[in-house]
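**Student:** Below: one structure in structure tokens.
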Amino acid sequence: MTTQNAPASTSPATGTATPARPAPVPAPPSWAWRRGALILAGAAQLITISALVTSDYPLAATWWSLLLGIAPAPVAATAAFAPAPVSRLAAVIGVLVLVAGIAGGIVHIGLFFVPALVVLVVGSVKLWGEQPRAQTGG
């Protein structure tokens, strides 16, 4: 196997400097919990939607079934990916939506949302604990 070397007279271009990349900022500890809540809420929401549209054993279109079929995944996505102030509000709204939906549909399909509720509560508590502290000048 032979290798070819570049001629000695060639030099790298002097005007092309590689841009310095900023150091990656680590994700806050609550982000994994909020993302987990999004995945669990989305899965339970898909189960609810399929139960609403099936012809074998249809789920009645009540307030709680429509609430659980529409709201959990978008609210959890907002809690997971929005800036911190919006995430805090979305996390509280998400917990309220899940509690109301689970309370309404506890005997039908509401129990599918309990894991998403638990994970979202843990993520919300961690998110509220991550609030920036005001620095005192001295």
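In the structure tokens, chains take the letters A, B, ... in the order shown, each chain's residues start at 1, and ligands count up from 1 in the order shown.
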List the neighbours of Gly104 of chain A out to 12 Å using only C-alpha atoms; skip same-chain residues closer than 4 positions along the sequence, and give me the result as a list in words.
**Tutor:**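 That gives Thr62, Trp63, Trp64, Ser65, Leu66, Leu67, Leu68, Val97, Leu98, Val99, Ala100, His108, Ile109, Gly110, Leu111 and Phe113 of chain A.
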**Student:** Please dump the current selection as a CSV table (one decimal), in the first residue's frame; keep N, CA and C atoms.
**Tutor:**
```csv
chain,number,residue,atom,x,y,z
A,62,THR,N,-67.3,12.0,26.6
A,62,THR,CA,-67.6,12.8,27.7
A,62,THR,C,-66.5,13.9,27.9
A,63,TRP,N,-66.7,14.7,28.9
A,63,TRP,CA,-65.8,15.8,29.1
A,63,TRP,C,-64.4,15.3,29.4
A,64,TRP,N,-64.3,14.2,30.3
A,64,TRP,CA,-63.0,13.7,30.7
A,64,TRP,C,-62.3,13.0,29.5
A,65,SER,N,-63.1,12.2,28.7
A,65,SER,CA,-62.5,11.5,27.6
A,65,SER,C,-62.0,12.5,26.6
A,66,LEU,N,-62.7,13.5,26.3
A,66,LEU,CA,-62.2,14.5,25.3
A,66,LEU,C,-61.0,15.3,25.9
A,67,LEU,N,-61.1,15.6,27.2
A,67,LEU,CA,-59.9,16.3,27.8
A,67,LEU,C,-58.7,15.4,27.7
A,68,LEU,N,-58.8,14.1,28.1
A,68,LEU,CA,-57.6,13.2,28.0
A,68,LEU,C,-57.2,12.9,26.6
A,97,VAL,N,-54.8,19.2,34.5
A,97,VAL,CA,-55.5,18.5,33.4
A,97,VAL,C,-55.5,17.0,33.7
A,98,LEU,N,-54.4,16.5,34.0
A,98,LEU,CA,-54.3,15.1,34.3
A,98,LEU,C,-55.1,14.7,35.5
A,99,VAL,N,-55.0,15.4,36.6
A,99,VAL,CA,-55.8,15.1,37.7
A,99,VAL,C,-57.3,15.1,37.4
A,100,ALA,N,-57.8,16.2,36.7
A,100,ALA,CA,-59.2,16.3,36.4
A,100,ALA,C,-59.6,15.1,35.5
A,108,HIS,N,-62.5,3.9,33.7
A,108,HIS,CA,-62.5,3.6,32.3
A,108,HIS,C,-61.0,3.6,31.8
A,109,ILE,N,-60.5,4.7,31.4
A,109,ILE,CA,-59.2,4.8,30.8
A,109,ILE,C,-58.3,5.8,31.5
A,110,GLY,N,-58.8,6.4,32.6
A,110,GLY,CA,-58.0,7.4,33.3
A,110,GLY,C,-56.7,6.9,33.9
A,111,LEU,N,-56.7,5.6,34.3
A,111,LEU,CA,-55.6,5.0,35.0
A,111,LEU,C,-54.4,4.9,34.1
A,113,PHE,N,-53.2,7.3,32.6
A,113,PHE,CA,-52.5,8.6,32.7
A,113,PHE,C,-51.8,8.8,34.0
```
**Student:** Run DSSP on the backbone of this structure and report the residues of chain A it assigns to helix (DSSP H, G or I), as JSON, numbers by chain.
**Tutor:** {"A": [29, 30, 31, 32, 33, 34, 35, 36, 37, 38, 39, 40, 41, 42, 43, 44, 45, 46, 47, 48, 49, 50, 51, 52, 53, 63, 64, 65, 66, 67, 68, 69, 70, 72, 73, 74, 75, 76, 77, 78, 79, 80, 81, 84, 85, 86, 87, 88, 89, 90, 91, 92, 93, 94, 95, 96, 97, 98, 99, 100, 101, 102, 103, 104, 110, 111, 112, 113, 114, 115, 116, 117, 118, 119, 120, 121, 122, 123, 124, 125, 126, 127, 128, 129]}
**Student:** For Leu40 of chain A, which residue out of A:Val75, A:Ala27, A:Val114, A:Val122 is the nearest one, using only C-alpha atoms?
**Tutor:**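 Counting only C-alpha atoms, the residue closest to Leu40 of chain A is A:Val114.
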